[in-house]
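Reproduced below: protein.cif, with mmCIF, C-alpha atoms.
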```
data_entry
#
loop_
_atom_site.label_atom_id
_atom_site.label_comp_id
_atom_site.auth_asym_id
_atom_site.auth_seq_id
_atom_site.Cartn_x
_atom_site.Cartn_y
_atom_site.Cartn_z
CA MET A 1 48.80 92.21 62.98
CA SER A 2 48.85 96.02 63.03
CA ALA A 3 49.10 98.01 66.26
CA LEU A 4 45.98 99.39 67.91
CA LEU A 5 47.28 102.92 67.35
CA GLU A 6 50.08 104.13 65.11
CA ILE A 7 50.84 107.81 64.64
CA ARG A 8 53.12 108.43 61.67
CA ASP A 9 55.05 111.64 60.98
CA LEU A 10 52.35 113.86 62.50
CA HIS A 11 52.76 117.60 61.93
CA LEU A 12 50.38 120.16 63.37
CA GLU A 13 50.29 123.93 63.41
CA ILE A 14 48.17 126.63 65.03
CA GLY A 15 47.15 129.77 63.17
CA THR A 16 48.31 133.04 64.73
CA GLY A 17 46.95 135.77 62.49
CA ARG A 18 48.71 135.81 59.13
CA ALA A 19 51.19 133.08 60.00
CA ALA A 20 51.04 129.74 61.77
CA LEU A 21 53.03 128.26 64.61
CA PRO A 22 54.41 124.71 64.25
CA VAL A 23 53.36 122.72 67.33
CA LEU A 24 54.01 119.08 66.42
CA ARG A 25 57.04 118.17 64.33
CA GLY A 26 56.99 114.64 62.93
CA ILE A 27 55.48 112.71 65.85
CA ASP A 28 55.72 108.89 65.66
CA LEU A 29 53.96 106.71 68.26
CA VAL A 30 52.93 103.06 68.44
CA LEU A 31 50.51 101.77 71.06
CA GLU A 32 49.50 98.13 71.27
CA ALA A 33 46.24 96.86 72.77
CA GLY A 34 46.40 96.92 76.57
CA GLU A 35 49.60 98.98 76.75
CA VAL A 36 50.13 102.14 78.78
CA LEU A 37 52.28 104.69 77.00
CA GLY A 38 53.48 107.74 78.89
CA LEU A 39 53.90 110.97 76.96
CA VAL A 40 56.10 113.18 79.12
CA GLY A 41 57.68 116.60 78.80
CA GLU A 42 57.58 120.19 79.98
CA SER A 43 54.54 122.43 79.59
CA GLY A 44 54.29 123.51 75.95
CA ALA A 45 56.00 120.40 74.60
CA GLY A 46 52.88 119.46 72.60
CA LYS A 47 51.74 116.48 74.69
CA THR A 48 48.11 117.54 74.97
CA MET A 49 47.96 118.39 71.27
CA VAL A 50 48.91 114.81 70.42
CA GLY A 51 45.94 113.55 72.46
CA LYS A 52 43.56 116.10 70.98
CA ALA A 53 44.69 115.30 67.45
CA LEU A 54 44.07 111.61 68.15
CA LEU A 55 40.57 112.29 69.44
CA GLY A 56 39.73 114.86 66.75
CA ILE A 57 39.00 117.64 69.24
CA LEU A 58 41.58 120.19 68.14
CA PRO A 59 40.84 123.91 68.61
CA PRO A 60 39.59 125.71 65.47
CA ALA A 61 42.94 127.39 64.81
CA ALA A 62 44.83 124.07 64.81
CA ARG A 63 45.24 121.88 61.76
CA ILE A 64 47.14 118.75 60.82
CA THR A 65 49.45 119.52 57.90
CA GLN A 66 51.05 116.11 57.42
CA GLY A 67 50.98 112.56 58.75
CA GLN A 68 48.57 109.79 59.67
CA ILE A 69 46.75 108.66 62.81
CA LEU A 70 46.06 104.98 62.24
CA TYR A 71 43.52 103.41 64.60
CA GLN A 72 43.13 99.68 63.92
CA GLY A 73 44.72 100.32 60.54
CA ARG A 74 42.36 103.16 59.54
CA ASP A 75 43.59 106.73 59.14
CA ILE A 76 41.07 108.45 61.38
CA ALA A 77 42.68 111.85 60.73
CA ALA A 78 41.36 111.58 57.16
CA MET A 79 37.89 110.34 58.14
CA PRO A 80 34.80 112.54 57.67
CA ALA A 81 33.63 114.27 60.84
CA LYS A 82 30.49 112.18 61.46
CA PRO A 83 31.98 108.66 61.48
CA ARG A 84 34.97 109.89 63.44
CA LEU A 85 32.70 111.50 66.03
CA ALA A 86 30.94 108.14 66.41
CA LEU A 87 34.21 106.64 67.69
CA LEU A 88 34.36 109.01 70.65
CA GLY A 89 33.03 107.45 73.83
CA ARG A 90 32.65 104.03 72.21
CA ASP A 91 36.15 103.21 70.91
CA LEU A 92 38.13 106.24 72.05
CA ALA A 93 37.66 108.16 75.29
CA MET A 94 39.35 110.80 77.40
CA ILE A 95 40.02 111.55 81.05
CA PRO A 96 40.63 115.33 81.18
CA GLN A 97 42.67 117.13 83.83
CA ASP A 98 40.03 119.58 85.11
CA PRO A 99 36.91 117.76 86.31
CA MET A 100 34.97 120.92 87.16
CA SER A 101 35.18 122.42 83.68
CA SER A 102 34.70 119.05 81.97
CA LEU A 103 31.35 118.19 83.52
CA ASN A 104 28.18 120.08 82.57
CA PRO A 105 27.30 122.19 85.65
CA VAL A 106 23.53 122.18 84.98
CA ILE A 107 23.03 118.44 84.40
CA ARG A 108 22.88 115.87 87.19
CA ILE A 109 25.56 113.20 87.27
CA ALA A 110 23.05 110.52 86.23
CA GLY A 111 22.25 112.33 83.00
CA GLN A 112 25.90 112.83 82.12
CA ILE A 113 26.67 109.12 82.43
CA THR A 114 23.46 107.67 80.99
CA ASP A 115 23.66 109.92 77.91
CA VAL A 116 26.93 108.22 76.92
CA LEU A 117 25.51 104.74 77.56
CA ARG A 118 22.29 105.30 75.65
CA ARG A 119 24.03 107.00 72.71
CA HIS A 120 26.75 104.39 72.17
CA LEU A 121 25.33 101.17 73.62
CA GLY A 122 21.65 101.69 72.84
CA LEU A 123 20.56 100.93 76.42
CA SER A 124 17.09 101.74 77.69
CA ARG A 125 16.70 104.54 80.20
CA ARG A 126 16.40 102.09 83.09
CA ALA A 127 19.27 99.87 81.96
CA ALA A 128 21.50 102.91 81.46
CA TYR A 129 20.68 104.12 84.98
CA GLU A 130 21.55 100.75 86.50
CA ARG A 131 24.77 100.64 84.51
CA ALA A 132 25.62 104.20 85.68
CA ARG A 133 25.15 103.14 89.30
CA ALA A 134 27.41 100.13 88.77
CA LEU A 135 30.03 102.37 87.16
CA LEU A 136 30.09 104.68 90.17
CA GLU A 137 30.55 101.66 92.39
CA SER A 138 33.44 100.49 90.20
CA VAL A 139 35.27 103.80 90.82
CA HIS A 140 34.72 103.42 94.57
CA ILE A 141 32.10 106.13 95.07
CA ARG A 142 30.02 105.58 98.17
CA GLU A 143 26.25 106.06 98.03
CA PRO A 144 26.09 106.02 94.21
CA GLU A 145 22.32 106.58 94.22
CA ARG A 146 22.79 109.89 96.02
CA VAL A 147 25.67 110.96 93.78
CA LEU A 148 23.65 110.23 90.64
CA ARG A 149 21.09 112.79 91.81
CA GLN A 150 23.68 115.47 92.48
CA TYR A 151 25.20 118.23 90.35
CA PRO A 152 28.97 118.51 89.80
CA HIS A 153 29.37 121.46 92.19
CA GLU A 154 27.99 119.32 95.02
CA LEU A 155 30.91 116.86 94.73
CA SER A 156 34.52 117.14 95.82
CA GLY A 157 37.30 117.38 93.22
CA GLY A 158 38.26 113.76 93.77
CA MET A 159 34.67 112.57 93.33
CA ARG A 160 34.25 114.61 90.15
CA GLN A 161 37.40 113.03 88.75
CA ARG A 162 36.06 109.57 89.64
CA VAL A 163 32.87 110.42 87.72
CA LEU A 164 34.95 111.36 84.67
CA ILE A 165 36.87 108.11 84.94
CA ALA A 166 33.57 106.21 85.12
CA ILE A 167 32.38 108.01 81.97
CA ALA A 168 35.64 107.26 80.16
CA PHE A 169 35.42 103.52 80.90
CA ALA A 170 31.61 103.36 80.50
CA CYS A 171 31.54 101.84 77.01
CA ARG A 172 34.71 99.77 77.49
CA PRO A 173 36.71 101.71 74.89
CA LYS A 174 39.81 100.23 73.35
CA LEU A 175 41.90 103.35 73.98
CA ILE A 176 41.74 106.17 76.53
CA VAL A 177 43.70 109.42 76.50
CA ALA A 178 44.39 110.50 80.10
CA ASP A 179 45.46 114.14 79.95
CA GLU A 180 47.22 114.84 83.26
CA PRO A 181 44.23 113.40 85.16
CA THR A 182 45.66 114.04 88.65
CA THR A 183 47.03 117.59 88.18
CA ALA A 184 44.07 119.40 89.79
CA LEU A 185 43.99 117.13 92.87
CA ASP A 186 45.88 117.15 96.15
CA VAL A 187 48.63 114.58 96.69
CA THR A 188 46.59 112.07 98.70
CA VAL A 189 43.74 112.04 96.19
CA GLN A 190 46.22 111.87 93.31
CA ARG A 191 47.52 108.57 94.65
CA GLN A 192 43.99 107.14 94.93
CA ILE A 193 43.00 108.25 91.43
CA LEU A 194 46.19 106.89 89.90
CA ARG A 195 45.65 103.51 91.54
CA LEU A 196 42.04 103.51 90.33
CA ILE A 197 43.02 104.24 86.72
CA ARG A 198 45.73 101.58 86.84
CA ASP A 199 43.34 98.93 88.21
CA LEU A 200 40.54 99.71 85.76
CA GLN A 201 42.97 99.73 82.84
CA ALA A 202 44.45 96.39 83.83
CA ASN A 203 41.04 94.77 84.34
CA SER A 204 39.62 96.03 81.04
CA ALA A 205 42.81 95.65 78.94
CA THR A 206 42.17 99.15 77.62
CA ALA A 207 45.17 100.86 76.05
CA LEU A 208 46.09 104.14 77.74
CA LEU A 209 47.93 107.19 76.41
CA PHE A 210 48.99 108.85 79.67
CA VAL A 211 49.92 112.51 79.19
CA THR A 212 51.93 113.95 82.07
CA HIS A 213 54.88 116.09 83.11
CA ASP A 214 55.51 113.90 86.16
CA LEU A 215 58.15 111.20 85.72
CA GLY A 216 57.11 109.64 89.02
CA LEU A 217 53.65 108.89 87.62
CA VAL A 218 55.22 107.41 84.50
CA ALA A 219 57.20 104.98 86.65
CA LYS A 220 54.07 103.86 88.49
CA ILE A 221 51.64 103.30 85.65
CA CYS A 222 53.34 103.16 82.22
CA THR A 223 54.99 100.34 80.30
CA LYS A 224 56.55 102.60 77.64
CA VAL A 225 57.45 106.27 77.59
CA SER A 226 58.09 108.91 74.94
CA VAL A 227 59.89 112.10 75.96
CA MET A 228 58.80 115.27 74.15
CA HIS A 229 60.24 118.75 73.69
CA ALA A 230 59.17 121.47 71.24
CA GLY A 231 56.77 119.18 69.40
CA ARG A 232 59.36 116.44 68.82
CA ILE A 233 59.89 113.06 70.45
CA LEU A 234 63.49 112.93 71.64
CA GLU A 235 63.48 109.45 73.17
CA ALA A 236 61.06 106.50 73.18
CA ALA A 237 61.64 103.17 74.95
CA PRO A 238 60.30 100.85 77.65
CA VAL A 239 60.03 102.60 81.02
CA ALA A 240 62.66 100.44 82.71
CA GLN A 241 65.19 101.25 80.01
CA VAL A 242 64.57 105.01 80.07
CA PHE A 243 64.75 105.16 83.87
CA THR A 244 67.97 103.15 84.12
CA ARG A 245 69.75 104.12 80.90
CA PRO A 246 68.37 107.36 79.42
CA GLN A 247 69.86 107.96 75.99
CA HIS A 248 69.06 111.63 75.35
CA PRO A 249 70.66 114.39 77.45
CA TYR A 250 67.28 116.09 77.82
CA THR A 251 65.83 112.95 79.44
CA SER A 252 68.78 112.85 81.83
CA ALA A 253 68.23 116.55 82.61
CA LEU A 254 64.57 115.90 83.44
CA PHE A 255 65.58 113.21 85.91
CA ALA A 256 68.11 115.56 87.51
CA ALA A 257 65.38 118.19 87.92
CA THR A 258 62.87 115.75 89.49
CA PRO A 259 62.51 115.61 93.31
CA ARG A 260 63.27 112.19 94.84
CA TYR A 261 61.41 111.16 97.98
CA ASP A 262 64.21 108.72 98.79
CA ARG A 263 66.81 111.49 98.50
CA PRO A 264 65.19 114.51 100.18
CA ALA A 265 68.49 116.30 100.77
CA GLU A 266 69.67 115.97 97.20
CA ALA A 267 69.87 119.29 95.34
CA LEU A 268 67.81 119.63 92.19
CA THR A 269 69.49 120.70 88.98
CA PRO A 270 67.40 122.80 86.55
CA VAL A 271 67.44 121.80 82.90
CA PRO A 272 70.51 123.62 81.53
CA GLU A 273 69.67 126.72 79.50
CA ALA A 274 72.28 125.73 76.92
CA LEU A 275 70.53 122.40 76.35
CA THR A 276 67.11 124.05 76.03
CA ALA A 277 68.52 126.61 73.60
CA ARG A 278 70.09 123.84 71.53
CA LEU A 279 66.82 121.90 71.35
CA TRP A 280 64.88 124.98 70.23
CA ALA A 281 67.57 125.68 67.63
CA GLU A 282 67.19 122.12 66.35
CA ALA A 283 63.41 122.62 66.10
CA ALA A 284 63.93 125.87 64.17
CA ALA A 285 66.42 124.15 61.86
CA TYR A 286 63.89 121.36 61.28
CA ASP A 287 61.25 123.93 60.28
CA ALA A 288 63.73 125.70 58.01
CA ALA A 289 64.69 122.46 56.28
CA ARG A 290 61.02 121.66 55.62
CA ALA A 291 60.43 125.14 54.25
CA ALA A 292 63.49 124.83 52.00
CA ALA A 293 62.07 121.58 50.68
CA GLY A 294 58.85 123.38 49.72
CA VAL A 295 56.76 122.16 52.66
CA ALA A 296 54.46 124.80 54.19
CA VAL A 297 55.84 125.71 57.62
CA GLY A 298 54.46 128.51 59.73
CA GLY A 299 51.83 129.26 57.12
CA ARG A 300 54.39 129.84 54.35
CA ALA A 301 55.89 127.67 51.65
CA ALA A 302 59.31 128.20 50.20
CA ASP A 303 59.52 130.04 46.90
CA ALA A 304 60.08 127.81 43.92
#
```

Rendering of file as structure tokens:
Amino acid sequence: MSALLEIRDLHLEIGTGRAALPVLRGIDLVLEAGEVLGLVGESGAGKTMVGKALLGILPPAARITQGQILYQGRDIAAMPAKPRLALLGRDLAMIPQDPMSSLNPVIRIAGQITDVLRRHLGLSRRAAYERARALLESVHIREPERVLRQYPHELSGGMRQRVLIAIAFACRPKLIVADEPTTALDVTVQRQILRLIRDLQANSATALLFVTHDLGLVAKICTKVSVMHAGRILEAAPVAQVFTRPQHPYTSALFAATPRYDRPAEALTPVPEALTARLWAEAAAYDAARAAAGVAVGGRAADA
């Protein structure tokens, strides 16, 4: 049986005027049904672009130049726009990191949830409203009837994020991309939201691609982890293995640079500049090798 999601040799670039900037360099990922895969790395590593490529919501300047995104055995990256769009919300969903900019400021919460339910599940207006109320209860929002009548600006950041989680799980999708869903929240609310996502995921058996820069969150929620830098995956393994026996020096450097609550006096060690320089040099060499082989890199192909 094939995996729920398999990303094979994914390359992506973003246009920058006359040239193009390589962003993803040969990404390979496998996610089984019900698994939680953490995608971790520094800002700019390409983590969010992997999620956006999967969901088909890339910015206009971005384009996939090579590779496949196989969802239930189908290459959705090669699908026409309309059938692929139909998967969003029903089969594939997203929990974004900024709840205020992700919710429509001029539509009440009820309308934003019921629209998804009516579009993908074909529910009547009344049935969709009742389902929306039940969804708010499932994400532990008090007085759901009142919240359904409110606008996003009338809710706290934590409540807005709970609404987005309710929308993501509304149609019981098979896979959800969580793009740093706790970044915009304070520490106490982060803990509550993380526990909520973990419980809902476990109860629904939904697969989760958890994008984050926080290794602590990976340890709490993920079963597997892939470590990214400069658009490449440097290490991929079960969480327990990576946390006890990291194989790549960059992974070890990330652990050394991560604060430990159980070792508050321990000094943090920044990722060595020499290691970062080496990794960027490897990425540049990878691009050069592809160009020498006649593959378009950075908007240019090698001369014959």

Given the file shown, enumerate the residues that the PyMOL selection byres ((chain A and resi 86-103) around 6) captures and present them as a ChimeraX atom specification. /A:83-85,104,120,160-161,168,171,173-181

For those residues, write C-alpha atoms to a file as a short mmCIF file (atom, residue, chain, number, x, y, z; two decimals), in the frame of the given file.
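So again_39.cif came out as:
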```
data_model
loop_
_atom_site.label_atom_id
_atom_site.label_comp_id
_atom_site.auth_asym_id
_atom_site.auth_seq_id
_atom_site.Cartn_x
_atom_site.Cartn_y
_atom_site.Cartn_z
CA PRO A 83 31.98 108.66 61.48
CA ARG A 84 34.97 109.89 63.44
CA LEU A 85 32.70 111.50 66.03
CA ASN A 104 28.18 120.08 82.57
CA HIS A 120 26.75 104.39 72.17
CA ARG A 160 34.25 114.61 90.15
CA GLN A 161 37.40 113.03 88.75
CA ALA A 168 35.64 107.26 80.16
CA CYS A 171 31.54 101.84 77.01
CA PRO A 173 36.71 101.71 74.89
CA LYS A 174 39.81 100.23 73.35
CA LEU A 175 41.90 103.35 73.98
CA ILE A 176 41.74 106.17 76.53
CA VAL A 177 43.70 109.42 76.50
CA ALA A 178 44.39 110.50 80.10
CA ASP A 179 45.46 114.14 79.95
CA GLU A 180 47.22 114.84 83.26
CA PRO A 181 44.23 113.40 85.16
#
```

Run through the PyMOL selection byres ((chain A and resi 27) around 10) on the given coordinates and return the selected residues as a list in words. Ile7, Arg8, Asp9, Leu10, His11, Leu12, Leu24, Arg25, Gly26, Asp28, Leu29, Gly46, Val50, Gly67, Gln68, Met228, Gly231, Arg232, Ile233 and Leu234 of chain A

Just give me the gap between CA of Val30 (chain A) and CA of Gln201 (chain A) in Å, one decimal is fine.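 Value for the CA of Val30 (chain A)-CA of Gln201 (chain A) distance: 17.8 Å.
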
Which of A:Lys52, A:Arg172, A:Thr182, A:Glu35 sits closest to Leu121 (chain A) [using only C-alpha atoms]: A:Arg172

Residues at most 10 Å from Arg74 (chain A), counting all atoms listed in the file, excluding those fewer than 6 positions away in the same chain, as a PDB file with C-alpha atoms, in the coordinates of the input?
```
ATOM      1  CA  LEU A   4      45.980  99.390  67.910  1.00  0.00           C
ATOM      2  CA  LEU A   5      47.280 102.920  67.350  1.00  0.00           C
ATOM      3  CA  GLU A   6      50.080 104.130  65.110  1.00  0.00           C
ATOM      4  CA  GLN A  68      48.570 109.790  59.670  1.00  0.00           C
TER       5      GLN A  68
END
```

Near-Thr244 (chain A) list (12 Å; all atoms listed in the file; drop same-chain fewer than 6 positions) as an MDAnalysis selection string: chainID A and resid 219 237:238 251:252 255

Would you write out those residues with C-alpha atoms, as a compact mmCIF listing (two decimals), in the coordinates of the input?
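Done, and the output landed in part-v4.txt:
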```txt
# COMPACT_ATOMS: atom_id res chain seq x y z
CA ALA A 219 57.20 104.98 86.65
CA ALA A 237 61.64 103.17 74.95
CA PRO A 238 60.30 100.85 77.65
CA THR A 251 65.83 112.95 79.44
CA SER A 252 68.78 112.85 81.83
CA PHE A 255 65.58 113.21 85.91
```

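What the PyMOL selection byres ((chain A and resi 40) around 6) grabs from this file is Leu39, Gly41, Thr212, His213 and Val227 of chain A.
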
With only C-alpha atoms counted, which protein, DNA or RNA residues have an atom no more than 12 Å from (64.3, 125.4, 67.0) in the file frame? Please answer as a PyMOL selection string. chain A and resi 21-23+25+229-232+275-289

Of the residues A:Leu58, A:Val218, A:Leu185, A:Ala3, which is the one nearest to Leu70 (chain A), using all atoms listed in the file? A:Ala3

Quick one: everything within 12 Å of Leu123 (chain A), counting all atoms listed in the file, minus sequence neighbours fewer than 6 positions away in the same chain. Send it as number ranges by chain. A: 113-117, 129-132, 171

Separating CA of Ala45 (chain A) from CA of Val211 (chain A), to the nearest tenth of an Å, is a gap of 11.0 Å

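Interatomic distance, CA of Gln247 (chain A) against CA of Gly38 (chain A): 16.6 Å.
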
May I ask which of the residues A:Val36, A:Pro270, A:Thr48, A:Arg63 is the closest one to Cys222 (chain A), counting all atoms listed in the file? A:Val36

Report the centre and edge lengths, in Å to one decimal, of an axis-aligned box enclosing every atom of region 158-174 of chain A listed in the file, padded by 4 Å on each side, as AutoDock Vina command-line options.
```
--center_x 35.7 --center_y 107.2 --center_z 83.6 --size_x 16.3 --size_y 22.8 --size_z 28.4
```

Need the shell around Ser138 (chain A): protein/DNA/RNA residues with any atom at most 9 Å away, counting all atoms listed in the file. Skip same-chain ones fewer than 3 positions apart. Format as a VMD selection string? chain A and resid 133 to 135 141 166 200

Output C-alpha atoms of each residue in that selection to a file, as a short mmCIF file (atom, residue, chain, number, x, y, z; two decimals), keeping the file's coordinate frame.
```
data_model
loop_
_atom_site.label_atom_id
_atom_site.label_comp_id
_atom_site.auth_asym_id
_atom_site.auth_seq_id
_atom_site.Cartn_x
_atom_site.Cartn_y
_atom_site.Cartn_z
CA ARG A 133 25.15 103.14 89.30
CA ALA A 134 27.41 100.13 88.77
CA LEU A 135 30.03 102.37 87.16
CA ILE A 141 32.10 106.13 95.07
CA ALA A 166 33.57 106.21 85.12
CA LEU A 200 40.54 99.71 85.76
#
```

Distance criterion (only C-alpha atoms): nearest to Leu31 (chain A) out of A:Tyr250, A:Gly111, A:Ile69, A:Thr188: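 The answer is A:Ile69, which sits nearest to Leu31 (chain A).
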
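With all atoms listed in the file taken into account, every residue lying no more than 8 Å from the file point (62.8, 113.7, 85.3) is included here: Asp214, Leu215, Gly216, Thr251, Ser252, Ala253, Leu254, Phe255, Ala256, Ala257 and Thr258 of chain A.
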
Because some atoms of region 46-74 of chain A are absent here, can you restore N, CA and C atoms and send them as a PDB file, in the coordinates of the input?
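Result file is rebuild.pdb:
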```
ATOM      1  N   GLY A  46      53.795 119.957  73.631  1.00  0.00           N
ATOM      2  CA  GLY A  46      52.880 119.460  72.600  1.00  0.00           C
ATOM      3  C   GLY A  46      52.174 118.179  72.987  1.00  0.00           C
ATOM      4  N   LYS A  47      52.325 117.758  74.245  1.00  0.00           N
ATOM      5  CA  LYS A  47      51.740 116.480  74.690  1.00  0.00           C
ATOM      6  C   LYS A  47      50.223 116.466  74.526  1.00  0.00           C
ATOM      7  N   THR A  48      49.572 117.489  75.038  1.00  0.00           N
ATOM      8  CA  THR A  48      48.110 117.540  74.970  1.00  0.00           C
ATOM      9  C   THR A  48      47.617 117.605  73.535  1.00  0.00           C
ATOM     10  N   MET A  49      48.356 118.279  72.664  1.00  0.00           N
ATOM     11  CA  MET A  49      47.960 118.390  71.270  1.00  0.00           C
ATOM     12  C   MET A  49      47.983 117.026  70.573  1.00  0.00           C
ATOM     13  N   VAL A  50      48.901 116.157  70.983  1.00  0.00           N
ATOM     14  CA  VAL A  50      48.910 114.810  70.420  1.00  0.00           C
ATOM     15  C   VAL A  50      47.604 114.098  70.771  1.00  0.00           C
ATOM     16  N   GLY A  51      47.191 114.185  72.036  1.00  0.00           N
ATOM     17  CA  GLY A  51      45.940 113.550  72.460  1.00  0.00           C
ATOM     18  C   GLY A  51      44.734 114.142  71.766  1.00  0.00           C
ATOM     19  N   LYS A  52      44.698 115.457  71.633  1.00  0.00           N
ATOM     20  CA  LYS A  52      43.560 116.100  70.980  1.00  0.00           C
ATOM     21  C   LYS A  52      43.503 115.770  69.491  1.00  0.00           C
ATOM     22  N   ALA A  53      44.670 115.680  68.861  1.00  0.00           N
ATOM     23  CA  ALA A  53      44.690 115.300  67.450  1.00  0.00           C
ATOM     24  C   ALA A  53      44.170 113.875  67.277  1.00  0.00           C
ATOM     25  N   LEU A  54      44.544 112.997  68.187  1.00  0.00           N
ATOM     26  CA  LEU A  54      44.070 111.610  68.150  1.00  0.00           C
ATOM     27  C   LEU A  54      42.555 111.543  68.283  1.00  0.00           C
ATOM     28  N   LEU A  55      42.010 112.337  69.191  1.00  0.00           N
ATOM     29  CA  LEU A  55      40.570 112.290  69.440  1.00  0.00           C
ATOM     30  C   LEU A  55      39.767 113.161  68.475  1.00  0.00           C
ATOM     31  N   GLY A  56      40.451 113.989  67.689  1.00  0.00           N
ATOM     32  CA  GLY A  56      39.730 114.860  66.750  1.00  0.00           C
ATOM     33  C   GLY A  56      39.033 116.012  67.424  1.00  0.00           C
ATOM     34  N   ILE A  57      39.615 116.531  68.505  1.00  0.00           N
ATOM     35  CA  ILE A  57      39.000 117.640  69.240  1.00  0.00           C
ATOM     36  C   ILE A  57      39.954 118.834  69.299  1.00  0.00           C
ATOM     37  N   LEU A  58      40.649 119.069  68.208  1.00  0.00           N
ATOM     38  CA  LEU A  58      41.580 120.190  68.140  1.00  0.00           C
ATOM     39  C   LEU A  58      40.834 121.527  68.155  1.00  0.00           C
ATOM     40  N   PRO A  59      41.461 122.583  68.689  1.00  0.00           N
ATOM     41  CA  PRO A  59      40.840 123.910  68.610  1.00  0.00           C
ATOM     42  C   PRO A  59      40.732 124.361  67.159  1.00  0.00           C
ATOM     43  N   PRO A  60      39.825 125.298  66.864  1.00  0.00           N
ATOM     44  CA  PRO A  60      39.590 125.710  65.470  1.00  0.00           C
ATOM     45  C   PRO A  60      40.832 126.206  64.750  1.00  0.00           C
ATOM     46  N   ALA A  61      41.753 126.825  65.463  1.00  0.00           N
ATOM     47  CA  ALA A  61      42.940 127.390  64.810  1.00  0.00           C
ATOM     48  C   ALA A  61      43.999 126.344  64.504  1.00  0.00           C
ATOM     49  N   ALA A  62      43.832 125.125  65.008  1.00  0.00           N
ATOM     50  CA  ALA A  62      44.830 124.070  64.810  1.00  0.00           C
ATOM     51  C   ALA A  62      44.474 123.219  63.605  1.00  0.00           C
ATOM     52  N   ARG A  63      45.496 122.777  62.878  1.00  0.00           N
ATOM     53  CA  ARG A  63      45.240 121.880  61.760  1.00  0.00           C
ATOM     54  C   ARG A  63      46.427 120.954  61.545  1.00  0.00           C
ATOM     55  N   ILE A  64      46.107 119.732  61.154  1.00  0.00           N
ATOM     56  CA  ILE A  64      47.140 118.750  60.820  1.00  0.00           C
ATOM     57  C   ILE A  64      47.601 119.024  59.398  1.00  0.00           C
ATOM     58  N   THR A  65      48.895 119.192  59.216  1.00  0.00           N
ATOM     59  CA  THR A  65      49.450 119.520  57.900  1.00  0.00           C
ATOM     60  C   THR A  65      50.100 118.315  57.225  1.00  0.00           C
ATOM     61  N   GLN A  66      50.390 117.281  57.993  1.00  0.00           N
ATOM     62  CA  GLN A  66      51.050 116.110  57.420  1.00  0.00           C
ATOM     63  C   GLN A  66      50.934 114.957  58.415  1.00  0.00           C
ATOM     64  N   GLY A  67      50.931 113.740  57.889  1.00  0.00           N
ATOM     65  CA  GLY A  67      50.980 112.560  58.750  1.00  0.00           C
ATOM     66  C   GLY A  67      49.672 111.797  58.815  1.00  0.00           C
ATOM     67  N   GLN A  68      49.723 110.669  59.520  1.00  0.00           N
ATOM     68  CA  GLN A  68      48.570 109.790  59.670  1.00  0.00           C
ATOM     69  C   GLN A  68      48.366 109.425  61.140  1.00  0.00           C
ATOM     70  N   ILE A  69      47.099 109.197  61.501  1.00  0.00           N
ATOM     71  CA  ILE A  69      46.750 108.660  62.810  1.00  0.00           C
ATOM     72  C   ILE A  69      45.970 107.380  62.536  1.00  0.00           C
ATOM     73  N   LEU A  70      46.654 106.261  62.594  1.00  0.00           N
ATOM     74  CA  LEU A  70      46.060 104.980  62.240  1.00  0.00           C
ATOM     75  C   LEU A  70      45.505 104.294  63.488  1.00  0.00           C
ATOM     76  N   TYR A  71      44.194 104.135  63.527  1.00  0.00           N
ATOM     77  CA  TYR A  71      43.520 103.410  64.600  1.00  0.00           C
ATOM     78  C   TYR A  71      42.963 102.121  64.009  1.00  0.00           C
ATOM     79  N   GLN A  72      43.475 100.989  64.477  1.00  0.00           N
ATOM     80  CA  GLN A  72      43.130  99.680  63.920  1.00  0.00           C
ATOM     81  C   GLN A  72      43.313  99.669  62.402  1.00  0.00           C
ATOM     82  N   GLY A  73      44.373 100.323  61.954  1.00  0.00           N
ATOM     83  CA  GLY A  73      44.720 100.320  60.540  1.00  0.00           C
ATOM     84  C   GLY A  73      44.032 101.384  59.701  1.00  0.00           C
ATOM     85  N   ARG A  74      43.073 102.113  60.275  1.00  0.00           N
ATOM     86  CA  ARG A  74      42.360 103.160  59.540  1.00  0.00           C
ATOM     87  C   ARG A  74      42.917 104.524  59.893  1.00  0.00           C
TER      88      ARG A  74
END
```
